[in-house]
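The structure file start.txt is reproduced below (compact mmCIF, C-alpha atoms and all ligand atoms).
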# COMPACT_ATOMS: atom_id res chain seq x y z
CA MET A 1 -28.02 -206.75 227.36
CA SER A 2 -29.46 -203.80 225.48
CA ARG A 3 -28.58 -200.41 227.01
CA ILE A 4 -30.53 -197.15 226.94
CA TYR A 5 -28.79 -193.91 225.96
CA LEU A 6 -30.53 -190.64 226.74
CA ILE A 7 -29.53 -187.30 225.25
CA VAL A 8 -30.65 -184.16 227.06
CA ALA A 9 -31.39 -181.99 224.03
CA GLU A 10 -30.59 -178.32 224.31
CA GLN A 11 -32.44 -175.64 222.43
CA ARG A 12 -32.01 -171.97 221.98
CA GLU A 13 -34.59 -169.64 220.56
CA GLY A 14 -36.63 -172.40 219.02
CA LYS A 15 -33.78 -174.37 217.46
CA ILE A 16 -31.98 -177.52 218.53
CA ARG A 17 -28.40 -176.56 219.32
CA GLN A 18 -25.63 -178.04 217.20
CA VAL A 19 -23.97 -179.48 220.33
CA THR A 20 -27.02 -181.69 220.90
CA LEU A 21 -26.44 -183.34 217.51
CA GLU A 22 -22.78 -183.78 218.49
CA ALA A 23 -23.81 -185.36 221.81
CA LEU A 24 -26.09 -187.64 219.79
CA GLN A 25 -23.11 -188.65 217.67
CA ALA A 26 -20.99 -189.29 220.78
CA ALA A 27 -23.74 -191.43 222.31
CA ALA A 28 -24.28 -193.28 219.01
CA SER A 29 -20.52 -194.03 218.79
CA SER A 30 -20.54 -195.51 222.29
CA ALA A 31 -23.77 -197.47 221.77
CA ALA A 32 -23.52 -201.10 220.68
CA ASP A 33 -25.85 -202.79 218.18
CA GLY A 34 -29.31 -203.10 219.65
CA ASP A 35 -28.87 -200.30 222.21
CA ARG A 36 -31.72 -197.78 222.35
CA MET A 37 -31.25 -194.07 221.73
CA THR A 38 -33.72 -191.66 223.30
CA ALA A 39 -33.83 -187.92 223.90
CA VAL A 40 -35.50 -185.55 226.30
CA LEU A 41 -36.39 -182.00 225.35
CA ILE A 42 -37.29 -179.47 228.01
CA GLY A 43 -38.62 -175.93 227.78
CA SER A 44 -41.69 -174.30 226.29
CA GLY A 45 -43.04 -174.29 222.73
CA LEU A 46 -41.27 -177.55 221.84
CA ASP A 47 -43.38 -178.94 218.98
CA SER A 48 -41.24 -177.76 216.05
CA MET A 49 -38.07 -178.86 217.84
CA ALA A 50 -39.55 -182.28 218.54
CA ASN A 51 -40.22 -182.49 214.78
CA GLU A 52 -36.65 -181.46 214.06
CA LEU A 53 -35.31 -184.14 216.42
CA SER A 54 -37.55 -186.82 214.98
CA ALA A 55 -35.35 -186.81 211.84
CA TYR A 56 -32.66 -188.56 213.93
CA PRO A 57 -32.50 -192.23 214.82
CA LEU A 58 -34.23 -192.03 218.20
CA SER A 59 -36.77 -194.48 219.52
CA GLU A 60 -38.48 -191.93 221.80
CA ILE A 61 -38.45 -188.20 222.37
CA HIS A 62 -39.66 -187.18 225.81
CA LEU A 63 -41.09 -183.67 226.01
CA ILE A 64 -41.25 -181.75 229.27
CA GLU A 65 -43.12 -178.62 228.36
CA HIS A 66 -44.19 -175.80 230.63
CA ALA A 67 -44.11 -171.99 230.48
CA GLY A 68 -42.12 -172.09 233.74
CA LEU A 69 -39.34 -173.96 231.93
CA GLN A 70 -38.77 -171.31 229.27
CA TYR A 71 -35.47 -170.29 230.87
CA TYR A 72 -32.90 -172.60 232.35
CA ASN A 73 -33.01 -172.81 236.12
CA PRO A 74 -30.98 -175.61 237.72
CA GLU A 75 -33.60 -176.24 240.37
CA SER A 76 -36.62 -176.46 238.09
CA TYR A 77 -34.80 -178.31 235.30
CA THR A 78 -33.43 -180.91 237.72
CA ALA A 79 -36.86 -181.29 239.32
CA ALA A 80 -38.50 -181.68 235.89
CA LEU A 81 -35.90 -184.09 234.49
CA LEU A 82 -35.45 -186.44 237.42
CA PRO A 83 -38.83 -188.21 237.35
CA VAL A 84 -38.57 -188.62 233.57
CA ILE A 85 -35.04 -190.01 233.80
CA GLU A 86 -35.98 -192.29 236.70
CA ASN A 87 -38.83 -193.58 234.56
CA ILE A 88 -36.64 -194.20 231.48
CA ARG A 89 -33.82 -195.62 233.65
CA PRO A 90 -31.10 -194.84 231.07
CA ASP A 91 -27.69 -196.45 231.35
CA ALA A 92 -26.02 -193.36 229.92
CA VAL A 93 -27.06 -189.71 229.82
CA PHE A 94 -25.24 -187.39 227.36
CA LEU A 95 -25.34 -183.58 227.36
CA GLY A 96 -23.38 -180.80 225.65
CA HIS A 97 -20.61 -179.24 227.74
CA THR A 98 -22.36 -175.88 227.63
CA ALA A 99 -23.29 -173.49 230.43
CA LEU A 100 -26.40 -175.66 230.92
CA GLY A 101 -24.62 -179.01 230.64
CA ARG A 102 -21.80 -178.00 232.99
CA ASP A 103 -24.36 -177.06 235.60
CA LEU A 104 -26.91 -179.81 235.13
CA ALA A 105 -24.67 -182.87 234.64
CA PRO A 106 -23.13 -182.94 238.14
CA ALA A 107 -26.58 -182.38 239.69
CA LEU A 108 -28.04 -185.27 237.69
CA GLY A 109 -24.97 -187.40 238.40
CA ALA A 110 -25.36 -186.87 242.14
CA LYS A 111 -29.12 -187.46 242.17
CA LEU A 112 -28.85 -190.58 240.01
CA GLN A 113 -25.79 -191.88 241.89
CA ALA A 114 -24.11 -192.08 238.47
CA GLY A 115 -20.50 -191.84 237.41
CA GLN A 116 -19.91 -188.47 235.78
CA LEU A 117 -17.38 -187.30 233.20
CA SER A 118 -17.28 -183.75 231.90
CA ASP A 119 -15.87 -182.07 228.82
CA VAL A 120 -15.14 -185.21 226.81
CA ILE A 121 -13.35 -184.53 223.52
CA THR A 122 -13.14 -188.02 221.99
CA LEU A 123 -14.20 -191.54 222.74
CA THR A 124 -13.26 -195.01 221.53
CA GLY A 125 -14.84 -198.40 222.02
CA THR A 126 -18.45 -199.22 222.79
CA GLY A 127 -20.62 -200.05 225.76
CA GLU A 128 -18.79 -200.58 229.01
CA ASP A 129 -15.50 -200.64 227.09
CA THR A 130 -16.00 -197.02 226.00
CA VAL A 131 -12.89 -194.98 226.80
CA PHE A 132 -13.37 -191.22 227.07
CA THR A 133 -10.61 -188.63 226.55
CA ARG A 134 -10.55 -185.29 228.34
CA ALA A 135 -8.05 -182.44 228.29
CA ILE A 136 -6.54 -181.68 231.71
CA PHE A 137 -4.09 -179.16 233.18
CA ALA A 138 -5.34 -176.38 230.90
CA GLY A 139 -4.90 -178.58 227.82
CA LYS A 140 -1.31 -179.59 228.57
CA ALA A 141 -2.22 -183.26 228.98
CA PHE A 142 -5.00 -185.68 228.15
CA GLU A 143 -6.51 -188.32 230.39
CA LYS A 144 -8.37 -191.40 229.26
CA LYS A 145 -11.09 -192.71 231.52
CA ARG A 146 -13.74 -195.39 231.57
CA PHE A 147 -16.65 -195.97 233.88
CA ASN A 148 -16.71 -198.78 236.38
CA GLY A 149 -20.34 -199.81 235.88
CA TYR A 150 -23.53 -197.94 234.94
CA PRO A 151 -25.18 -195.40 234.97
CA TRP A 152 -23.11 -192.62 233.40
CA VAL A 153 -23.59 -188.90 232.91
CA VAL A 154 -21.30 -187.45 230.24
CA THR A 155 -20.87 -183.96 228.79
CA VAL A 156 -19.20 -183.48 225.40
CA ARG A 157 -17.21 -180.43 224.41
CA PRO A 158 -18.82 -178.51 221.52
CA ASN A 159 -17.17 -178.81 218.08
CA ASN A 160 -15.31 -182.04 218.87
CA PHE A 161 -17.70 -184.67 217.55
CA PRO A 162 -19.30 -184.40 214.12
CA ALA A 163 -23.04 -183.77 214.26
CA LEU A 164 -25.03 -186.99 213.81
CA PRO A 165 -26.60 -186.84 210.34
CA PRO A 166 -30.38 -187.21 210.12
CA SER A 167 -31.50 -190.76 209.48
CA SER A 168 -32.14 -191.51 205.78
CA SER A 169 -35.23 -193.58 206.59
CA PRO A 170 -36.26 -192.46 210.04
CA GLN A 171 -38.60 -194.70 211.97
CA PRO A 172 -40.70 -191.94 213.49
CA ALA A 173 -39.71 -191.57 217.12
CA GLN A 174 -42.46 -191.96 219.65
CA ILE A 175 -43.24 -188.60 221.26
CA VAL A 176 -43.89 -189.01 224.96
CA LYS A 177 -45.24 -186.00 226.86
CA ALA A 178 -44.24 -185.79 230.50
CA ASP A 179 -46.08 -183.91 233.22
CA TYR A 180 -44.45 -181.11 235.10
CA ALA A 181 -45.94 -179.02 237.87
CA PRO A 182 -43.64 -176.27 239.11
CA SER A 183 -42.96 -176.46 242.80
CA SER A 184 -43.94 -173.48 244.89
CA SER A 185 -40.78 -173.98 246.94
CA LEU A 186 -38.23 -173.09 244.22
CA ARG A 187 -35.56 -171.02 245.87
CA THR A 188 -34.79 -169.04 242.71
CA ILE A 189 -36.96 -167.96 239.80
CA VAL A 190 -35.49 -166.74 236.50
CA GLN A 191 -37.67 -163.83 235.44
CA ASP A 192 -36.00 -162.82 232.21
CA VAL A 193 -32.83 -163.36 230.20
CA VAL A 194 -31.37 -160.30 228.52
CA ARG A 195 -29.00 -161.00 225.67
CA GLN A 196 -26.07 -158.67 225.33
CA THR A 197 -24.76 -160.10 222.08
CA GLY A 198 -28.04 -160.32 220.17
CA GLY A 199 -28.10 -162.01 216.80
CA LYS A 200 -24.46 -163.08 216.78
CA ILE A 201 -23.14 -166.59 216.27
CA ASP A 202 -22.71 -168.59 219.48
CA LEU A 203 -19.05 -168.38 220.44
CA THR A 204 -18.81 -171.98 221.64
CA GLU A 205 -20.29 -173.33 218.41
CA ALA A 206 -18.61 -170.99 215.90
CA LYS A 207 -16.43 -172.60 213.25
CA ILE A 208 -14.22 -169.50 213.15
CA VAL A 209 -13.35 -167.31 216.13
CA VAL A 210 -11.56 -163.97 215.86
CA SER A 211 -10.32 -163.09 219.31
CA GLY A 212 -8.89 -159.86 220.70
CA GLY A 213 -6.58 -159.22 223.63
CA ARG A 214 -5.20 -156.24 225.47
CA GLY A 215 -3.35 -155.35 222.24
CA VAL A 216 -6.71 -154.24 220.82
CA LYS A 217 -6.38 -151.23 223.17
CA SER A 218 -10.01 -150.03 223.32
CA ARG A 219 -13.65 -150.90 222.66
CA ASP A 220 -13.31 -149.32 219.22
CA GLY A 221 -10.25 -151.48 218.65
CA PHE A 222 -12.58 -154.49 218.46
CA LYS A 223 -14.34 -153.07 215.38
CA PRO A 224 -11.81 -154.38 212.81
CA LEU A 225 -12.04 -157.81 214.51
CA GLU A 226 -15.84 -157.73 214.32
CA GLU A 227 -15.58 -156.91 210.61
CA LEU A 228 -13.20 -159.80 209.97
CA ALA A 229 -15.45 -162.16 211.96
CA SER A 230 -18.47 -160.99 209.98
CA VAL A 231 -16.74 -161.61 206.60
CA LEU A 232 -15.72 -165.08 207.79
CA ASN A 233 -19.14 -165.79 209.30
CA GLY A 234 -17.41 -166.30 212.63
CA ALA A 235 -17.75 -165.08 216.20
CA VAL A 236 -15.70 -162.62 218.23
CA GLY A 237 -13.95 -163.74 221.41
CA ALA A 238 -11.52 -162.10 223.82
CA SER A 239 -8.82 -162.68 226.39
CA ARG A 240 -9.46 -161.85 230.01
CA GLY A 241 -6.95 -159.04 229.59
CA ALA A 242 -9.30 -157.36 227.10
CA CYS A 243 -12.35 -158.02 229.31
CA ASP A 244 -10.62 -156.71 232.46
CA ALA A 245 -9.61 -153.58 230.58
CA GLY A 246 -13.27 -152.98 229.73
CA TYR A 247 -12.79 -153.33 225.96
CA CYS A 248 -15.53 -155.96 225.71
CA ASP A 249 -18.07 -157.92 227.68
CA TYR A 250 -17.04 -160.88 229.88
CA ALA A 251 -19.41 -163.04 227.83
CA LEU A 252 -16.64 -163.07 225.20
CA GLN A 253 -13.90 -164.28 227.54
CA ILE A 254 -12.11 -167.43 226.44
CA GLY A 255 -9.90 -169.43 228.76
CA GLN A 256 -9.64 -171.22 232.03
CA THR A 257 -12.23 -169.01 233.69
CA GLY A 258 -14.11 -168.22 230.50
CA LYS A 259 -15.47 -170.25 227.61
CA VAL A 260 -13.72 -173.20 226.01
CA VAL A 261 -13.80 -173.06 222.23
CA THR A 262 -12.58 -175.53 219.63
CA PRO A 263 -13.28 -173.87 216.29
CA GLU A 264 -11.77 -174.91 212.98
CA ILE A 265 -9.87 -171.61 212.89
CA TYR A 266 -8.92 -169.42 215.87
CA ILE A 267 -7.40 -166.03 215.05
CA ALA A 268 -5.73 -164.47 218.12
CA CYS A 269 -5.12 -160.74 217.71
CA GLY A 270 -2.98 -158.90 220.26
CA ILE A 271 -3.13 -161.81 222.73
CA SER A 272 0.11 -162.80 224.47
CA GLY A 273 -0.84 -166.47 225.00
CA ALA A 274 -0.96 -166.86 228.79
CA ILE A 275 -1.55 -170.44 229.94
CA GLN A 276 -5.00 -169.48 231.25
CA HIS A 277 -5.98 -168.24 227.79
CA LEU A 278 -4.56 -171.32 226.05
CA ALA A 279 -6.76 -173.48 228.31
CA GLY A 280 -9.76 -172.18 226.38
CA MET A 281 -8.54 -172.37 222.79
CA SER A 282 -5.48 -174.60 222.37
CA GLN A 283 -7.59 -177.47 220.98
CA SER A 284 -8.67 -175.32 218.00
CA ARG A 285 -7.89 -177.04 214.72
CA VAL A 286 -5.85 -174.19 213.21
CA ILE A 287 -4.49 -171.32 215.28
CA VAL A 288 -3.42 -168.06 213.68
CA ALA A 289 -1.65 -165.49 215.87
CA ILE A 290 -1.18 -161.81 215.06
CA ASN A 291 1.15 -160.09 217.49
CA LYS A 292 3.75 -157.37 217.14
CA ASP A 293 6.06 -159.11 219.62
CA PRO A 294 7.87 -162.00 217.86
CA GLU A 295 8.62 -163.53 221.29
CA ALA A 296 4.95 -163.67 222.37
CA PRO A 297 4.18 -167.17 223.75
CA ILE A 298 1.08 -167.45 221.56
CA PHE A 299 3.41 -168.18 218.61
CA LYS A 300 4.44 -171.45 220.32
CA VAL A 301 0.94 -172.88 219.85
CA ALA A 302 0.15 -171.10 216.56
CA ASP A 303 0.07 -172.95 213.23
CA TYR A 304 0.43 -169.63 211.41
CA GLY A 305 2.02 -166.55 212.94
CA ILE A 306 1.98 -162.99 211.67
CA VAL A 307 4.40 -160.62 213.40
CA GLY A 308 2.87 -157.21 212.93
CA ASP A 309 0.47 -154.55 214.11
CA LEU A 310 -3.03 -155.98 214.27
CA PHE A 311 -4.50 -152.64 213.15
CA GLU A 312 -2.65 -153.05 209.85
CA VAL A 313 -2.89 -156.83 209.47
CA VAL A 314 -6.57 -157.40 210.37
CA PRO A 315 -8.03 -154.90 207.82
CA LEU A 316 -5.76 -156.39 205.12
CA LEU A 317 -7.00 -159.90 205.94
CA THR A 318 -10.60 -158.69 205.91
CA GLU A 319 -10.12 -157.08 202.50
CA GLU A 320 -8.52 -160.21 201.03
CA PHE A 321 -11.13 -162.58 202.51
CA ARG A 322 -13.89 -160.31 201.24
CA LYS A 323 -12.45 -160.55 197.71
CA VAL A 324 -12.16 -164.34 197.90
CA LEU A 325 -15.45 -165.04 199.67
CA GLY A 326 -17.43 -162.32 197.95
P1 LIG B 1 -1.33 -159.19 227.49
O1 LIG B 1 -0.68 -160.33 228.18
O2 LIG B 1 -1.08 -157.82 228.00
O3 LIG B 1 -0.90 -159.27 225.96
C1 LIG B 1 -1.19 -158.30 225.00
C2 LIG B 1 -0.46 -158.69 223.74
O4 LIG B 1 -0.83 -157.80 222.70
C3 LIG B 1 1.07 -158.64 223.86
O5 LIG B 1 1.60 -159.91 223.48
C4 LIG B 1 1.46 -157.55 222.87
O6 LIG B 1 2.69 -157.84 222.22
C5 LIG B 1 0.32 -157.57 221.90
N1 LIG B 1 0.07 -156.30 221.20
C6 LIG B 1 -0.01 -155.06 221.73
N2 LIG B 1 -0.32 -154.17 220.77
C7 LIG B 1 -0.43 -154.86 219.62
C8 LIG B 1 -0.75 -154.50 218.28
N3 LIG B 1 -1.03 -153.23 217.93
N4 LIG B 1 -0.75 -155.46 217.32
C9 LIG B 1 -0.46 -156.75 217.64
N5 LIG B 1 -0.16 -157.14 218.90
C10 LIG B 1 -0.17 -156.21 219.88
N6 LIG B 1 -6.85 -164.98 230.74
C11 LIG B 1 -7.66 -165.34 229.71
O7 LIG B 1 -7.49 -164.90 228.58
N7 LIG B 1 -8.72 -166.18 229.96
C12 LIG B 1 -8.99 -166.71 231.17
O8 LIG B 1 -9.96 -167.43 231.32
C13 LIG B 1 -8.12 -166.36 232.25
N8 LIG B 1 -8.31 -166.87 233.48
C14 LIG B 1 -7.41 -166.57 234.47
C15 LIG B 1 -7.55 -167.18 235.71
C16 LIG B 1 -6.64 -166.89 236.71
C17 LIG B 1 -6.80 -167.58 238.04
C18 LIG B 1 -5.58 -166.00 236.47
C19 LIG B 1 -4.58 -165.72 237.54
C20 LIG B 1 -5.44 -165.39 235.26
C21 LIG B 1 -6.36 -165.66 234.24
N9 LIG B 1 -6.24 -165.06 232.98
C22 LIG B 1 -7.06 -165.46 231.98
C23 LIG B 1 -5.30 -163.94 232.74
C24 LIG B 1 -4.05 -164.35 232.01
O9 LIG B 1 -3.07 -164.79 232.96
C25 LIG B 1 -3.46 -163.16 231.24
O10 LIG B 1 -3.24 -162.08 232.12
C26 LIG B 1 -4.36 -162.67 230.10
O11 LIG B 1 -4.71 -163.76 229.27
C27 LIG B 1 -3.59 -161.64 229.28
O12 LIG B 1 -4.43 -161.13 228.29
P2 LIG B 1 -3.80 -160.57 226.93
O13 LIG B 1 -3.00 -161.63 226.26
O14 LIG B 1 -4.92 -159.95 226.18
O15 LIG B 1 -2.90 -159.36 227.46

Can I see the file as structure tokens?
Ligand code: FAD
Amino acid sequence: MSRIYLIVAEQREGKIRQVTLEALQAAASSAADGDRMTAVLIGSGLDSMANELSAYPLSEIHLIEHAGLQYYNPESYTAALLPVIENIRPDAVFLGHTALGRDLAPALGAKLQAGQLSDVITLTGTGEDTVFTRAIFAGKAFEKKRFNGYPWVVTVRPNNFPALPPSSSPQPAQIVKADYAPSSSLRTIVQDVVRQTGGKIDLTEAKIVVSGGRGVKSRDGFKPLEELASVLNGAVGASRGACDAGYCDYALQIGQTGKVVTPEIYIACGISGAIQHLAGMSQSRVIVAINKDPEAPIFKVADYGIVGDLFEVVPLLTEEFRKVLG
């Protein structure tokens, strides 16, 4: 029996987010021959993004467009998505494990009476034999799970699946426009979203993260890290220690109660390596630690360790990378 996979596409500032293409790849890996891949895009001003998505092997792209959907609001997004999803009757819904996906997936799972798995990092097998792997206990162990029947709602951790490449000979996807009338009984209305880290690379999608801890000592202490991140085209992150001390915004916090990142390179500067911090970064491909304490626990998870003062080491690294990368 042919199954229907639906990807809830996420966009930011007029562009399809990378994690959506990764969720597409995850769904495509689980799909068997003959299964149908579809996507739903929600927001306002969606035409160019629908075009962008149509380069991928999707049979339909459902658009839910309304000025009232410009900003994510769990109530309005759930209300807008449910009728469309009930109409498509997908067997599996895939989303990115982003702020939106983490919030929306359990709501959809509950409303659709679906099995729900969050923060999947790999999968094997296809169809009902798909086995999903998730990190548990702050990354100290992995669990493998499968669903007992359909439907499913799955979120995939950013940077863990390769992005699905565009189709070489795309059959143009059918664009289906869905109606949405905002309810007057919404209990919350998002009026505006003010970005505090304008123009920077999204931390959860960055290939390189340069992260600072309490060892950075002040707001100004983050400047050398920002410079290194800029030379490497990466993003700046932080430990909760640095956020609590007021050296940076909580939007940068990585860890159990912050963001989970899995970049190709994670450079931890002046971070001790508490278990709650490791929960947010220990799955990074290569971990570099810079700490003046040779006994700091971060060195236990690091692939490369530099024992030294970050205020000496980081500018030297920046200088060398600048020479190499131009
Ligand atoms: P510290 O532990 O103080 O480490 C600072 C490090 O900097 C030291 O290792 C020191 O040797 C080094 N250093 C100092 N000066 C220099 C220098 N000049 N050059 C090089 N190295 C230097 N933490 C998180 O990060 N994320 C979370 O999401 C999170 N969630 C939590 C949830 C709960 C429920 C609890 C209880 C705690 C949580 N924490 C979290 C806090 C966590 O336990 C640690 O307190 C925190 O990670 C410590 O931050 P830090 O490594 O920056 O600071």

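In this structure, CA of Leu203 in chain A sits 20.7 Å away from CA of Leu317 in chain A.
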
Could you report the residues within 8 Å of ligand LIG 1 (chain B), using all atoms listed in the file, as an MDAnalysis selection string?
-> chainID A and resid 212:217 238:242 253:259 269:280 290:294 296:298 307:311

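Remark: for Gly221 in chain A, the closest of the candidate residues A:Ile265, A:Val260, A:Ile7, A:Val314 is A:Val314 (distances computed over only C-alpha atoms).
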
Which protein, DNA or RNA residues have an atom at most 6 Å from (-6.9, -173.9, 213.9), counting all atoms listed in the file? List them as an MDAnalysis selection string.
-> chainID A and resid 264:266 284:287

Separation of CA of Leu232 in chain A and CA of Glu312 in chain A, in Å?
-> 17.9 Å

Would you list the contacts of range 99-111 of chain A as an MDAnalysis selection string, taking every protein, DNA or RNA residue within 8 Å and counting only C-alpha atoms, but skipping same-chain residues closer than 6 positions in sequence?
-> chainID A and resid 72 74 78 82 118 152:155

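Nearest residue to Met49 in chain A, choosing from A:Pro83, A:Gly68, A:Gly14, A:Gly234 and counting all atoms listed in the file: A:Gly14.
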
Counting all atoms listed in the file, the option among A:Leu228, A:Val156, A:Val288, A:Val324 closest to Lys300 in chain A | A:Val288

Point (-28.7, -176.6, 226.7) neighbourhood (7 Å, only C-alpha atoms) written as a PyMOL selection string | chain A and resi 9-11+96+98+100-101

What's the 9 Å shell around Arg36 in chain A, counting all atoms listed in the file, without same-chain residues fewer than 5 positions away, as a list of chain:residue names?
-> A:Ser2, A:Arg3, A:Ile4, A:Tyr5, A:Leu6, A:Ala31, A:Leu58, A:Ser59, A:Glu60

Nearest to Ala135 in chain A: which of A:Ala178, A:Ile121, A:Ile88, A:Ala23 is it, counting all atoms listed in the file?
-> A:Ile121
